[in-house]
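Taking it in order: structure first as structure tokens, then the write-up.
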Amino acid sequence: MAYSEKVIDHYENPRNVGSLDKNSPDVGTGLVGAPACGDVMKLQLRVNDEGVIQEAKFKTFGCGSAIASSSLVTEWVKGMTIDQAAQLRNTKIAEELNLPPVKIHCSVLAEDAIKAAIADYKAKRAAREAAAAE
Amino acid sequence: MTARPNYFELFGLAPNDGIDLLDLEARYRERSRICHPDRHARADEATRVKNALATSELNQAYRVLRDPIRRAEYLLQLGGVALPEKAPPALLMEMMEQREALSEARAEQDEQRICVLGAEIRGRRASAVAAIAPALDRGELSAVAEKLVELRYYGRFLEEIEAYEEAMEST
């Protein structure tokens, strides 16, 4: 199976590889994995008070398509509000990267990672607001 | 309905029989003699094709049944139990940490650390494999599925370790 040029580009020059401080109040972390492949993907977002994503980082240990999918979404979500980012669908990722059917689950993983990171951020913010209200 | 015999039935076994490797090998030898191509070299084409197919299916069945991991995967398939779609968070967190540690160790060419990381995961793989047979005996297929998920992750990790070891040996 041949990878598309875009997959190879992201695989060879992944964007935004790295970590943010997961304990920081403005950082949301999503950690997901596909048991069928044994891969693991961490995606982190730094969000400002207006709910805009300032920074996105990822670390993925998996196949080329999983790395490319997570690299691509970190590029896409920067500058989006978390509500916009939550609308991101795996089909757009798969389309952009020309993923073959057997690799669609890699794009699903990237969508799940974004959602998990947003959920984590929202949970932190809710906890902070609850603490402030007391 | 005439269902194709499953891999266990090919050897005259039932899925919940434990597998004794020596016994399995004896059964394999006996059955492969019967359909061995050499015995049917002068038979008509249809018979030869039939025997060739039987031989290849028998070989495949033998490879699956003698390997505890593949046997467990096959039993889940027979039982209609799929692997869970999501990996447990604790496992993911741990594997992320281990993979990060490994990539750091590789970047620093810290051979000793790589060795330690590999030994640790090999130990875990061994205990996950050891946990499969008793879970199968108890018919706890979902527990087996959990162990298989762990094994996928350990397997991926060890592929990287093995690639590193091979590269070291060849230099």
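By convention here, the chains of the structure tokens are called A, B, ... in the order presented, each chain's residues are numbered starting at 1, and ligands are numbered starting at 1 in the order presented.
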Could you pull the residues within 12 Å of region 151-156 of chain B, counting only C-alpha atoms, minus those fewer than 3 positions along the same chain, as a PyMOL selection string? (chain A and resi 33-40+61-63) or (chain B and resi 68-70+72-73+83+87-88+91-96+98-99+117-132+144-148+159-163)
Would you kindly return, as a list in words, each protein, DNA or RNA residue with an atom no farther than 9 Å from any atom of Ile34 (chain B), considering only C-alpha atoms and excluding same-chain residues fewer than 5 positions away?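 Near neighbours after the sequence-gap exclusion: Arg29, Arg39 and Asn51 of chain B.
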Could you take the residues named above and write them with all heavy atoms, as a PDB file, in the first residue's frame?
ATOM      1  N   ARG B  29       1.083 -34.363  12.512  1.00  0.00           N
ATOM      2  CA  ARG B  29       1.867 -35.266  11.658  1.00  0.00           C
ATOM      3  C   ARG B  29       0.984 -36.344  11.027  1.00  0.00           C
ATOM      4  O   ARG B  29       1.076 -36.613   9.836  1.00  0.00           O
ATOM      5  CB  ARG B  29       2.961 -35.961  12.471  1.00  0.00           C
ATOM      6  CG  ARG B  29       4.127 -35.053  12.724  1.00  0.00           C
ATOM      7  CD  ARG B  29       5.208 -35.753  13.540  1.00  0.00           C
ATOM      8  NE  ARG B  29       6.184 -34.798  13.972  1.00  0.00           N
ATOM      9  CZ  ARG B  29       7.142 -34.317  13.185  1.00  0.00           C
ATOM     10  NH1 ARG B  29       7.226 -34.724  11.924  1.00  0.00           N
ATOM     11  NH2 ARG B  29       7.998 -33.434  13.635  1.00  0.00           N
ATOM     12  N   ARG B  39       1.735 -38.376  -1.576  1.00  0.00           N
ATOM     13  CA  ARG B  39       0.895 -39.576  -1.596  1.00  0.00           C
ATOM     14  C   ARG B  39      -0.089 -39.573  -2.754  1.00  0.00           C
ATOM     15  O   ARG B  39      -0.660 -40.596  -3.089  1.00  0.00           O
ATOM     16  CB  ARG B  39       0.083 -39.667  -0.295  1.00  0.00           C
ATOM     17  CG  ARG B  39       0.817 -40.330   0.819  1.00  0.00           C
ATOM     18  CD  ARG B  39      -0.065 -40.283   2.042  1.00  0.00           C
ATOM     19  NE  ARG B  39      -1.157 -41.252   1.917  1.00  0.00           N
ATOM     20  CZ  ARG B  39      -1.334 -42.248   2.769  1.00  0.00           C
ATOM     21  NH1 ARG B  39      -0.514 -42.413   3.773  1.00  0.00           N
ATOM     22  NH2 ARG B  39      -2.340 -43.072   2.622  1.00  0.00           N
ATOM     23  N   ASN B  51      -6.297 -32.043  -2.049  1.00  0.00           N
ATOM     24  CA  ASN B  51      -5.308 -32.369  -1.025  1.00  0.00           C
ATOM     25  C   ASN B  51      -4.367 -31.211  -0.733  1.00  0.00           C
ATOM     26  O   ASN B  51      -3.955 -31.013   0.402  1.00  0.00           O
ATOM     27  CB  ASN B  51      -4.517 -33.606  -1.438  1.00  0.00           C
ATOM     28  CG  ASN B  51      -5.284 -34.851  -1.080  1.00  0.00           C
ATOM     29  OD1 ASN B  51      -5.524 -35.117   0.079  1.00  0.00           O
ATOM     30  ND2 ASN B  51      -5.710 -35.584  -2.096  1.00  0.00           N
TER      31      ASN B  51
END
As an MDAnalysis selection string, please: every residue in chain B that DSSP puts in helix (DSSP H, G or I). chainID B and resid 7:10 21:35 37:40 45:66 68:78 89:107 111:137 141:169
Could those selected residues go to a file with C-alpha atoms, as a CSV table (one decimal), in the first residue's frame?
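Output contents, as saved in result-v5.csv:
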chain,number,residue,atom,x,y,z
B,7,TYR,CA,-9.2,-25.4,13.5
B,8,PHE,CA,-9.8,-27.5,16.6
B,9,GLU,CA,-12.1,-29.9,14.8
B,10,LEU,CA,-9.5,-30.4,12.1
B,21,LEU,CA,1.8,-29.2,22.3
B,22,LEU,CA,3.2,-32.7,21.9
B,23,ASP,CA,-0.2,-34.2,21.3
B,24,LEU,CA,-1.0,-31.4,18.8
B,25,GLU,CA,2.2,-32.2,16.9
B,26,ALA,CA,1.4,-35.9,16.8
B,27,ARG,CA,-2.1,-35.1,15.5
B,28,TYR,CA,-0.6,-32.7,12.9
B,29,ARG,CA,1.9,-35.3,11.7
B,30,GLU,CA,-0.7,-38.0,11.4
B,31,ARG,CA,-3.1,-35.8,9.5
B,32,SER,CA,-0.6,-34.2,7.2
B,33,ARG,CA,0.6,-37.7,6.1
B,34,ILE,CA,-2.9,-38.5,4.9
B,35,CYS,CA,-3.2,-35.4,2.7
B,37,PRO,CA,0.9,-34.2,-1.9
B,38,ASP,CA,3.5,-37.0,-2.4
B,39,ARG,CA,0.9,-39.6,-1.6
B,40,HIS,CA,-1.4,-38.3,-4.3
B,45,GLU,CA,-6.1,-33.2,-10.8
B,46,ALA,CA,-9.2,-32.6,-8.7
B,47,THR,CA,-7.9,-34.9,-6.0
B,48,ARG,CA,-4.5,-33.2,-6.0
B,49,VAL,CA,-6.0,-29.7,-5.7
B,50,LYS,CA,-8.3,-30.9,-2.9
B,51,ASN,CA,-5.3,-32.4,-1.0
B,52,ALA,CA,-3.2,-29.3,-1.6
B,53,LEU,CA,-5.9,-27.1,-0.1
B,54,ALA,CA,-6.4,-29.5,2.8
B,55,THR,CA,-2.6,-29.4,3.5
B,56,SER,CA,-2.4,-25.7,3.5
B,57,GLU,CA,-5.4,-25.4,5.8
B,58,LEU,CA,-3.9,-27.9,8.1
B,59,ASN,CA,-0.6,-26.0,8.2
B,60,GLN,CA,-2.5,-22.8,8.9
B,61,ALA,CA,-4.5,-24.4,11.7
B,62,TYR,CA,-1.4,-25.8,13.2
B,63,ARG,CA,0.4,-22.5,13.2
B,64,VAL,CA,-2.6,-20.8,15.0
B,65,LEU,CA,-3.2,-23.5,17.6
B,66,ARG,CA,0.4,-24.0,18.7
B,68,PRO,CA,-0.9,-19.2,22.6
B,69,ILE,CA,-1.6,-15.7,21.4
B,70,ARG,CA,-2.9,-16.6,18.0
B,71,ARG,CA,-4.9,-19.4,19.5
B,72,ALA,CA,-6.5,-17.0,21.9
B,73,GLU,CA,-7.3,-14.6,19.1
B,74,TYR,CA,-8.9,-17.4,17.2
B,75,LEU,CA,-11.0,-18.5,20.1
B,76,LEU,CA,-12.3,-15.0,20.5
B,77,GLN,CA,-13.2,-15.0,16.9
B,78,LEU,CA,-15.0,-18.3,17.3
B,89,PRO,CA,-6.6,4.8,29.8
B,90,ALA,CA,-4.1,3.4,32.4
B,91,LEU,CA,-2.5,1.2,29.8
B,92,LEU,CA,-2.3,4.1,27.3
B,93,MET,CA,-0.7,6.4,29.8
B,94,GLU,CA,1.8,3.8,30.7
B,95,MET,CA,2.7,2.9,27.1
B,96,MET,CA,3.0,6.6,26.2
B,97,GLU,CA,5.5,7.0,29.1
B,98,GLN,CA,7.4,4.0,28.1
B,99,ARG,CA,7.5,5.0,24.5
B,100,GLU,CA,8.7,8.4,25.4
B,101,ALA,CA,11.4,7.0,27.7
B,102,LEU,CA,12.5,4.7,24.8
B,103,SER,CA,12.7,7.5,22.3
B,104,GLU,CA,14.7,9.6,24.7
B,105,ALA,CA,17.1,6.7,25.4
B,106,ARG,CA,17.5,6.1,21.7
B,107,ALA,CA,18.2,9.8,21.1
B,111,GLU,CA,22.1,1.4,25.5
B,112,GLN,CA,21.7,0.3,29.1
B,113,ARG,CA,18.5,2.1,29.5
B,114,ILE,CA,17.1,0.7,26.3
B,115,CYS,CA,18.0,-2.8,27.6
B,116,VAL,CA,16.2,-2.2,30.9
B,117,LEU,CA,13.1,-0.8,29.1
B,118,GLY,CA,13.1,-3.9,26.8
B,119,ALA,CA,13.5,-6.3,29.7
B,120,GLU,CA,10.6,-4.7,31.6
B,121,ILE,CA,8.2,-5.0,28.7
B,122,ARG,CA,9.4,-8.5,27.9
B,123,GLY,CA,8.5,-9.4,31.5
B,124,ARG,CA,5.1,-7.9,31.2
B,125,ARG,CA,4.5,-9.7,27.9
B,126,ALA,CA,5.4,-13.0,29.5
B,127,SER,CA,3.0,-12.5,32.4
B,128,ALA,CA,0.2,-11.4,30.0
B,129,VAL,CA,0.8,-14.5,27.9
B,130,ALA,CA,0.8,-16.6,31.1
B,131,ALA,CA,-2.6,-15.1,32.1
B,132,ILE,CA,-4.3,-16.1,28.9
B,133,ALA,CA,-4.4,-19.9,29.3
B,134,PRO,CA,-6.1,-19.8,32.7
B,135,ALA,CA,-8.6,-17.2,31.5
B,136,LEU,CA,-9.4,-19.4,28.5
B,137,ASP,CA,-9.9,-22.3,30.8
B,141,LEU,CA,-13.2,-14.3,26.9
B,142,SER,CA,-13.4,-10.6,27.8
B,143,ALA,CA,-10.4,-11.0,30.1
B,144,VAL,CA,-8.6,-12.8,27.3
B,145,ALA,CA,-9.5,-9.8,25.0
B,146,GLU,CA,-8.0,-7.4,27.6
B,147,LYS,CA,-4.7,-9.4,27.7
B,148,LEU,CA,-4.6,-9.4,23.9
B,149,VAL,CA,-4.9,-5.6,23.8
B,150,GLU,CA,-2.0,-5.4,26.2
B,151,LEU,CA,0.0,-7.8,24.1
B,152,ARG,CA,-0.6,-5.6,21.0
B,153,TYR,CA,1.0,-2.7,22.8
B,154,TYR,CA,3.9,-4.7,24.2
B,155,GLY,CA,4.4,-6.1,20.8
B,156,ARG,CA,4.7,-2.7,19.2
B,157,PHE,CA,7.1,-1.6,21.8
B,158,LEU,CA,9.3,-4.7,21.5
B,159,GLU,CA,9.4,-4.3,17.7
B,160,GLU,CA,11.2,-1.0,18.2
B,161,ILE,CA,13.5,-2.6,20.7
B,162,GLU,CA,14.2,-5.5,18.4
B,163,ALA,CA,14.9,-3.2,15.4
B,164,TYR,CA,17.4,-1.3,17.6
B,165,GLU,CA,19.1,-4.6,18.8
B,166,GLU,CA,19.4,-5.8,15.2
B,167,ALA,CA,20.9,-2.5,14.1
B,168,MET,CA,23.4,-2.8,17.0
B,169,GLU,CA,24.3,-6.3,16.1
Pick out the closest residue to His105 (chain A) from this set: A:Ala85, A:Val32, A:Glu50, A:Ala130. Count only C-alpha atoms. A:Val32
Find the spatial neighbours of Asp120 (chain A), counting only C-alpha atoms, within a cut-off of 10 Å - ignore same-chain residues fewer than 2 positions away - and output them as a PyMOL selection string. chain A and resi 22+27-31+44-45+114-118+122-126
Can you pull out the residues contacting Ile93 (chain A)? Cut-off 10 Å, using only C-alpha atoms, and skip same-chain residues under 2 positions away; I want them as a PDB file with N, CA, C and O atoms, in the first residue's frame.
ATOM      1  N   ALA A  68       0.642  11.225  10.594  1.00  0.00           N
ATOM      2  CA  ALA A  68       0.226  12.294   9.682  1.00  0.00           C
ATOM      3  C   ALA A  68      -1.112  12.885  10.118  1.00  0.00           C
ATOM      4  O   ALA A  68      -1.292  14.110  10.096  1.00  0.00           O
ATOM      5  N   SER A  69      -2.062  12.044  10.538  1.00  0.00           N
ATOM      6  CA  SER A  69      -3.373  12.550  10.950  1.00  0.00           C
ATOM      7  C   SER A  69      -3.241  13.489  12.147  1.00  0.00           C
ATOM      8  O   SER A  69      -3.873  14.553  12.191  1.00  0.00           O
ATOM      9  N   SER A  70      -2.410  13.097  13.120  1.00  0.00           N
ATOM     10  CA  SER A  70      -2.293  13.953  14.299  1.00  0.00           C
ATOM     11  C   SER A  70      -1.498  15.216  13.986  1.00  0.00           C
ATOM     12  O   SER A  70      -1.826  16.299  14.471  1.00  0.00           O
ATOM     13  N   LEU A  72      -1.416  16.774  11.117  1.00  0.00           N
ATOM     14  CA  LEU A  72      -2.323  17.644  10.361  1.00  0.00           C
ATOM     15  C   LEU A  72      -3.317  18.375  11.272  1.00  0.00           C
ATOM     16  O   LEU A  72      -3.502  19.589  11.151  1.00  0.00           O
ATOM     17  N   VAL A  73      -3.936  17.642  12.207  1.00  0.00           N
ATOM     18  CA  VAL A  73      -4.942  18.319  13.032  1.00  0.00           C
ATOM     19  C   VAL A  73      -4.320  19.377  13.948  1.00  0.00           C
ATOM     20  O   VAL A  73      -4.946  20.390  14.215  1.00  0.00           O
ATOM     21  N   TRP A  76      -4.287  22.361  11.852  1.00  0.00           N
ATOM     22  CA  TRP A  76      -5.625  22.884  11.587  1.00  0.00           C
ATOM     23  C   TRP A  76      -6.232  23.613  12.778  1.00  0.00           C
ATOM     24  O   TRP A  76      -6.878  24.642  12.621  1.00  0.00           O
ATOM     25  N   LEU A  88     -14.529  19.269  14.092  1.00  0.00           N
ATOM     26  CA  LEU A  88     -13.652  18.613  13.111  1.00  0.00           C
ATOM     27  C   LEU A  88     -14.005  17.146  12.942  1.00  0.00           C
ATOM     28  O   LEU A  88     -14.138  16.419  13.924  1.00  0.00           O
ATOM     29  N   ARG A  89     -14.180  16.724  11.699  1.00  0.00           N
ATOM     30  CA  ARG A  89     -14.561  15.331  11.460  1.00  0.00           C
ATOM     31  C   ARG A  89     -13.410  14.557  10.821  1.00  0.00           C
ATOM     32  O   ARG A  89     -12.657  15.105  10.017  1.00  0.00           O
ATOM     33  N   ASN A  90     -13.334  13.305  11.180  1.00  0.00           N
ATOM     34  CA  ASN A  90     -12.257  12.469  10.652  1.00  0.00           C
ATOM     35  C   ASN A  90     -12.309  12.378   9.122  1.00  0.00           C
ATOM     36  O   ASN A  90     -11.283  12.240   8.470  1.00  0.00           O
ATOM     37  N   THR A  91     -13.514  12.493   8.556  1.00  0.00           N
ATOM     38  CA  THR A  91     -13.624  12.379   7.096  1.00  0.00           C
ATOM     39  C   THR A  91     -12.815  13.470   6.396  1.00  0.00           C
ATOM     40  O   THR A  91     -12.250  13.242   5.339  1.00  0.00           O
ATOM     41  N   GLU A  95      -9.773  12.714   3.917  1.00  0.00           N
ATOM     42  CA  GLU A  95      -9.836  13.269   2.568  1.00  0.00           C
ATOM     43  C   GLU A  95      -8.557  14.044   2.252  1.00  0.00           C
ATOM     44  O   GLU A  95      -7.935  13.851   1.205  1.00  0.00           O
ATOM     45  N   GLU A  96      -8.156  14.896   3.186  1.00  0.00           N
ATOM     46  CA  GLU A  96      -6.960  15.712   2.975  1.00  0.00           C
ATOM     47  C   GLU A  96      -5.723  14.843   2.760  1.00  0.00           C
ATOM     48  O   GLU A  96      -4.862  15.152   1.950  1.00  0.00           O
ATOM     49  N   LEU A  97      -5.652  13.746   3.510  1.00  0.00           N
ATOM     50  CA  LEU A  97      -4.454  12.898   3.439  1.00  0.00           C
ATOM     51  C   LEU A  97      -4.603  11.739   2.448  1.00  0.00           C
ATOM     52  O   LEU A  97      -3.672  10.946   2.285  1.00  0.00           O
ATOM     53  N   ASN A  98      -5.760  11.671   1.801  1.00  0.00           N
ATOM     54  CA  ASN A  98      -6.003  10.550   0.869  1.00  0.00           C
ATOM     55  C   ASN A  98      -5.809   9.192   1.513  1.00  0.00           C
ATOM     56  O   ASN A  98      -5.145   8.307   0.950  1.00  0.00           O
ATOM     57  N   LEU A  99      -6.346   9.036   2.706  1.00  0.00           N
ATOM     58  CA  LEU A  99      -6.122   7.767   3.416  1.00  0.00           C
ATOM     59  C   LEU A  99      -6.926   6.641   2.751  1.00  0.00           C
ATOM     60  O   LEU A  99      -8.093   6.825   2.423  1.00  0.00           O
ATOM     61  N   ILE A 104      -8.487   4.489   7.605  1.00  0.00           N
ATOM     62  CA  ILE A 104      -9.465   5.482   8.061  1.00  0.00           C
ATOM     63  C   ILE A 104      -9.461   5.579   9.588  1.00  0.00           C
ATOM     64  O   ILE A 104      -9.595   6.656  10.161  1.00  0.00           O
ATOM     65  N   CYS A 106      -7.159   5.652  11.563  1.00  0.00           N
ATOM     66  CA  CYS A 106      -6.123   6.576  12.045  1.00  0.00           C
ATOM     67  C   CYS A 106      -6.684   7.995  12.141  1.00  0.00           C
ATOM     68  O   CYS A 106      -6.359   8.737  13.072  1.00  0.00           O
ATOM     69  N   SER A 107      -7.526   8.354  11.168  1.00  0.00           N
ATOM     70  CA  SER A 107      -8.132   9.689  11.213  1.00  0.00           C
ATOM     71  C   SER A 107      -9.178   9.754  12.323  1.00  0.00           C
ATOM     72  O   SER A 107      -9.358  10.793  12.961  1.00  0.00           O
ATOM     73  N   VAL A 108      -9.848   8.619  12.563  1.00  0.00           N
ATOM     74  CA  VAL A 108     -10.817   8.560  13.667  1.00  0.00           C
ATOM     75  C   VAL A 108     -10.100   8.795  14.997  1.00  0.00           C
ATOM     76  O   VAL A 108     -10.572   9.514  15.877  1.00  0.00           O
ATOM     77  N   ALA A 110      -7.398  10.529  15.464  1.00  0.00           N
ATOM     78  CA  ALA A 110      -7.047  11.953  15.589  1.00  0.00           C
ATOM     79  C   ALA A 110      -8.268  12.776  16.009  1.00  0.00           C
ATOM     80  O   ALA A 110      -8.156  13.678  16.852  1.00  0.00           O
ATOM     81  N   GLU A 111      -9.423  12.457  15.438  1.00  0.00           N
ATOM     82  CA  GLU A 111     -10.645  13.168  15.852  1.00  0.00           C
ATOM     83  C   GLU A 111     -10.931  12.902  17.335  1.00  0.00           C
ATOM     84  O   GLU A 111     -11.227  13.821  18.094  1.00  0.00           O
TER      85      GLU A 111
END
